[in-house]
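Participant: mmCIF, C-alpha atoms, file run-v8.cif:
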data_protein
#
loop_
_atom_site.group_PDB
_atom_site.id
_atom_site.type_symbol
_atom_site.label_atom_id
_atom_site.label_comp_id
_atom_site.auth_asym_id
_atom_site.auth_seq_id
_atom_site.Cartn_x
_atom_site.Cartn_y
_atom_site.Cartn_z
ATOM 1 C CA MET A 16 51.314 -15.739 42.121
ATOM 2 C CA LYS A 17 48.323 -16.784 44.219
ATOM 3 C CA VAL A 18 49.067 -14.002 46.717
ATOM 4 C CA THR A 19 49.334 -11.437 43.923
ATOM 5 C CA LEU A 20 45.983 -12.540 42.476
ATOM 6 C CA ALA A 21 44.361 -12.492 45.913
ATOM 7 C CA LEU A 22 45.634 -8.949 46.525
ATOM 8 C CA GLU A 23 44.297 -7.871 43.156
ATOM 9 C CA GLU A 24 40.890 -9.329 44.003
ATOM 10 C CA LEU A 25 41.004 -7.683 47.429
ATOM 11 C CA SER A 26 41.472 -4.332 45.724
ATOM 12 C CA MET A 27 38.430 -5.054 43.545
ATOM 13 C CA LEU A 28 36.400 -5.984 46.624
ATOM 14 C CA MET A 29 37.421 -2.691 48.222
ATOM 15 C CA LEU A 30 36.388 -0.881 45.011
ATOM 16 C CA GLY A 31 32.992 -2.591 45.194
ATOM 17 C CA ILE A 32 32.572 -1.532 48.814
ATOM 18 C CA PHE A 33 33.514 2.037 47.894
ATOM 19 C CA VAL A 34 31.034 2.128 44.995
ATOM 20 C CA PHE A 35 28.339 0.716 47.280
ATOM 21 C CA SER A 36 29.069 3.510 49.780
ATOM 22 C CA GLN A 37 28.181 6.024 47.049
ATOM 23 C CA LEU A 38 24.704 4.536 46.659
ATOM 24 C CA ASP A 39 21.749 5.542 48.797
ATOM 25 C CA PHE A 40 21.293 2.193 50.569
ATOM 26 C CA ALA A 41 21.816 1.239 54.195
ATOM 27 C CA TRP A 42 24.918 -0.909 54.819
ATOM 28 C CA TRP A 43 22.838 -3.852 55.956
ATOM 29 C CA TRP A 44 21.691 -4.271 52.320
ATOM 30 C CA PHE A 45 25.268 -5.056 51.322
ATOM 31 C CA LEU A 46 25.544 -7.711 54.020
ATOM 32 C CA VAL A 47 22.143 -9.265 53.304
ATOM 33 C CA LEU A 48 22.623 -9.420 49.540
ATOM 34 C CA PHE A 49 26.329 -10.281 49.450
ATOM 35 C CA PHE A 50 25.870 -14.048 49.072
ATOM 36 C CA THR A 51 22.809 -13.979 46.777
ATOM 37 C CA PRO A 52 24.925 -14.706 43.661
ATOM 38 C CA ASP A 53 25.546 -18.145 45.163
ATOM 39 C CA PHE A 54 21.977 -19.045 44.217
ATOM 40 C CA GLY A 55 23.621 -19.806 40.870
ATOM 41 C CA MET A 56 24.805 -23.055 42.452
ATOM 42 C CA LEU A 57 21.222 -24.336 42.392
ATOM 43 C CA GLY A 58 21.775 -25.345 38.776
ATOM 44 C CA TYR A 59 23.904 -28.216 40.092
ATOM 45 C CA LEU A 60 20.667 -29.790 41.355
ATOM 46 C CA PHE A 61 19.957 -30.657 37.708
ATOM 47 C CA ASN A 62 23.398 -31.592 36.378
ATOM 48 C CA THR A 63 26.950 -30.290 36.126
ATOM 49 C CA LYS A 64 26.409 -28.642 32.725
ATOM 50 C CA ILE A 65 23.467 -26.551 33.913
ATOM 51 C CA GLY A 66 25.203 -25.954 37.243
ATOM 52 C CA ALA A 67 28.349 -24.620 35.605
ATOM 53 C CA PHE A 68 26.282 -22.375 33.322
ATOM 54 C CA THR A 69 24.141 -20.864 36.085
ATOM 55 C CA TYR A 70 27.067 -20.517 38.487
ATOM 56 C CA ASN A 71 29.191 -18.796 35.840
ATOM 57 C CA LEU A 72 26.324 -16.507 34.852
ATOM 58 C CA PHE A 73 25.887 -15.387 38.465
ATOM 59 C CA HIS A 74 29.667 -14.991 38.899
ATOM 60 C CA HIS A 75 30.638 -13.198 35.693
ATOM 61 C CA ARG A 76 32.415 -9.928 36.430
ATOM 62 C CA GLY A 77 31.619 -8.572 32.961
ATOM 63 C CA LEU A 78 27.902 -9.044 33.559
ATOM 64 C CA ALA A 79 28.226 -7.288 36.923
ATOM 65 C CA ILE A 80 29.907 -4.297 35.289
ATOM 66 C CA LEU A 81 27.342 -4.222 32.481
ATOM 67 C CA ILE A 82 24.435 -4.200 34.965
ATOM 68 C CA TRP A 83 26.089 -1.435 37.001
ATOM 69 C CA ILE A 84 26.730 0.676 33.872
ATOM 70 C CA LEU A 85 23.115 0.179 32.779
ATOM 71 C CA GLY A 86 21.971 1.341 36.213
ATOM 72 C CA PHE A 87 24.297 4.355 36.048
ATOM 73 C CA TYR A 88 23.084 5.263 32.568
ATOM 74 C CA LEU A 89 19.409 4.869 33.531
ATOM 75 C CA GLN A 90 20.031 6.491 36.931
ATOM 76 C CA ASN A 91 18.571 3.369 38.516
ATOM 77 C CA GLU A 92 20.209 2.632 41.860
ATOM 78 C CA VAL A 93 18.666 -0.842 42.080
ATOM 79 C CA PHE A 94 20.567 -1.930 38.944
ATOM 80 C CA GLN A 95 23.683 -0.266 40.319
ATOM 81 C CA LEU A 96 23.172 -2.182 43.565
ATOM 82 C CA ILE A 97 22.811 -5.493 41.721
ATOM 83 C CA GLY A 98 25.945 -4.781 39.705
ATOM 84 C CA VAL A 99 28.052 -3.792 42.707
ATOM 85 C CA ILE A 100 26.894 -6.792 44.753
ATOM 86 C CA LEU A 101 27.774 -9.172 41.904
ATOM 87 C CA PHE A 102 31.131 -7.454 41.363
ATOM 88 C CA SER A 103 32.027 -7.516 45.064
ATOM 89 C CA HIS A 104 30.894 -11.104 45.565
ATOM 90 C CA VAL A 105 32.935 -12.298 42.592
ATOM 91 C CA ALA A 106 36.046 -10.600 43.976
ATOM 92 C CA PHE A 107 35.452 -12.241 47.366
ATOM 93 C CA ASP A 108 35.019 -15.663 45.771
ATOM 94 C CA ARG A 109 38.217 -15.242 43.764
ATOM 95 C CA ILE A 110 40.120 -14.331 46.945
ATOM 96 C CA LEU A 111 38.994 -17.689 48.343
ATOM 97 C CA GLY A 112 40.042 -19.487 45.149
ATOM 98 C CA TYR A 113 36.585 -20.080 43.691
ATOM 99 C CA GLY A 114 36.737 -19.462 39.975
ATOM 100 C CA LEU A 115 34.401 -19.924 37.060
ATOM 101 C CA LYS A 116 33.320 -23.542 36.746
ATOM 102 C CA TYR A 117 33.967 -26.144 34.110
ATOM 103 C CA GLU A 118 31.180 -28.583 33.194
ATOM 104 C CA LYS A 119 33.299 -31.400 34.621
ATOM 105 C CA GLY A 120 32.150 -30.571 38.167
ATOM 106 C CA PHE A 121 31.918 -27.878 40.831
ATOM 107 C CA LYS A 122 35.482 -28.236 42.065
ATOM 108 C CA PHE A 123 36.992 -27.694 38.590
ATOM 109 C CA THR A 124 37.550 -23.968 38.031
ATOM 110 C CA HIS A 125 39.541 -21.647 35.827
ATOM 111 C CA LEU A 126 41.765 -21.009 38.876
ATOM 112 C CA GLY A 127 42.487 -24.701 39.312
ATOM 113 C CA GLU A 128 40.876 -27.531 41.203
ATOM 114 C CA ILE A 129 39.297 -26.513 44.525
ATOM 115 C CA GLY A 130 40.968 -28.314 47.406
ATOM 116 C CA ASN A 131 44.370 -28.728 45.783
#
The structure in this file should be written as structure tokens.
Facilitator:
Amino acid sequence: MKVTLALEELSMLMLGIFVFSQLDFAWWWFLVLFFTPDFGMLGYLFNTKIGAFTYNLFHHRGLAILIWILGFYLQNEVFQLIGVILFSHVAFDRILGYGLKYEKGFKFTHLGEIGN
């Protein structure tokens, strides 16, 4: 099952790369911005509850799609860029087994415990 889920996420990452290719940005923007959603981990500097909230907010695929749709509707490529970066990053994280976090701690995710 893990392989099937990873392949599904890989297809979503490829979709994100394709959508990015339709935007009018140089490719280096994708590379530079790709890991910016991980700033959501900074919430763990306060406590695990805030950390889980901020991490999950920055790694929520629904939010990524909503931001992209808003950018498409408003014809704003910056919003579309933000949405596609979030979407692609989330897919990449899921391939690696990093899921949405529980308040219990960083290694406890909806995909199971990291490291097991």
Participant: Please determine, counting only C-alpha atoms, which residue among A:Gly114, A:Gly58, A:Gly98, A:Gly66 has the shortest atom-to-atom distance to Ile32 (chain A).
Facilitator: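 Ranked by minimum distance to Ile32 (chain A), first place goes to A:Gly98.
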Participant: Could you state the separation of CA of Asn91 (chain A) and CA of Ala106 (chain A) in Å, given to one decimal place?
Facilitator: 23.0 Å
Participant: In Å to one decimal, how far is CA of Glu118 (chain A) from CA of Phe50 (chain A)?
Facilitator: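 Rounded to one decimal, the two atoms are 22.2 Å apart.
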Participant: Excluding region 67-83 of chain A and its own-chain neighbours fewer than 6 positions away, which residues fall within 7 Å of it when counting all atoms listed in the file? Please give them as a list in words.
Facilitator: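 Counting only the stated atoms, we get Pro52, Gly55, Met56, Gly58, Phe94, Gln95, Gly98, Val99, Leu101, Phe102, Val105, Leu115, Lys116, Tyr117 and Glu118 of chain A.
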Participant: Using all atoms listed in the file, determine which residues lie at most 12 Å from Val93 (chain A), disregarding the query and same-chain residues fewer than 6 positions distant; provide the list as a PyMOL selection string.
Facilitator: chain A and resi 35+38-40+44+82-87+99-100
Participant: Considering all atoms listed in the file, can you say which of A:Asp108, A:Ser103, A:Ile65, A:Thr19 comes closest to Thr124 (chain A)?
Facilitator: A:Asp108
Participant: Restricting the calculation to all atoms listed in the file, which member of A:Gly127, A:Tyr113, A:His104, A:Tyr59 is positioned closest to Met29 (chain A)?
Facilitator: A:His104
Participant: Measuring between all atoms listed in the file, which one of A:Phe54, A:Leu48, A:Trp43, A:Gly112 shows the shortest distance to Glu24 (chain A)?
Facilitator: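 Distance minimum relative to Glu24 (chain A) lands on A:Gly112.
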Participant: Of the residues A:Phe61, A:Phe121, A:Phe49, A:Tyr88, which is the one nearest to Gly31 (chain A), using all atoms listed in the file?
Facilitator: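 Closest residue, counting all atoms listed in the file: A:Phe49.
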Participant: Which of these, A:Phe107, A:Glu23, A:Gln37, A:Gly120, has the shortest distance to Leu60 (chain A) once you count all atoms listed in the file?
Facilitator: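 With all atoms listed in the file as the atom set, the closest residue is A:Gly120.
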Participant: Using CA of Ile110 (chain A) and CA of Leu25 (chain A) as the two end points, give the distance in Å to one decimal.
Facilitator: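 For CA of Ile110 (chain A) relative to CA of Leu25 (chain A), the distance reads 6.7 Å.
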Participant: Centre and edge lengths, as lines of an AutoDock Vina configuration file, for the axis-aligned box enclosing every listed atom of region 75-94 of chain A with 4 Å of padding on each of the six sides, in Å to one decimal?
Facilitator:
center_x = 25.5
center_y = -3.4
center_z = 37.3
size_x = 21.8
size_y = 27.7
size_z = 17.6
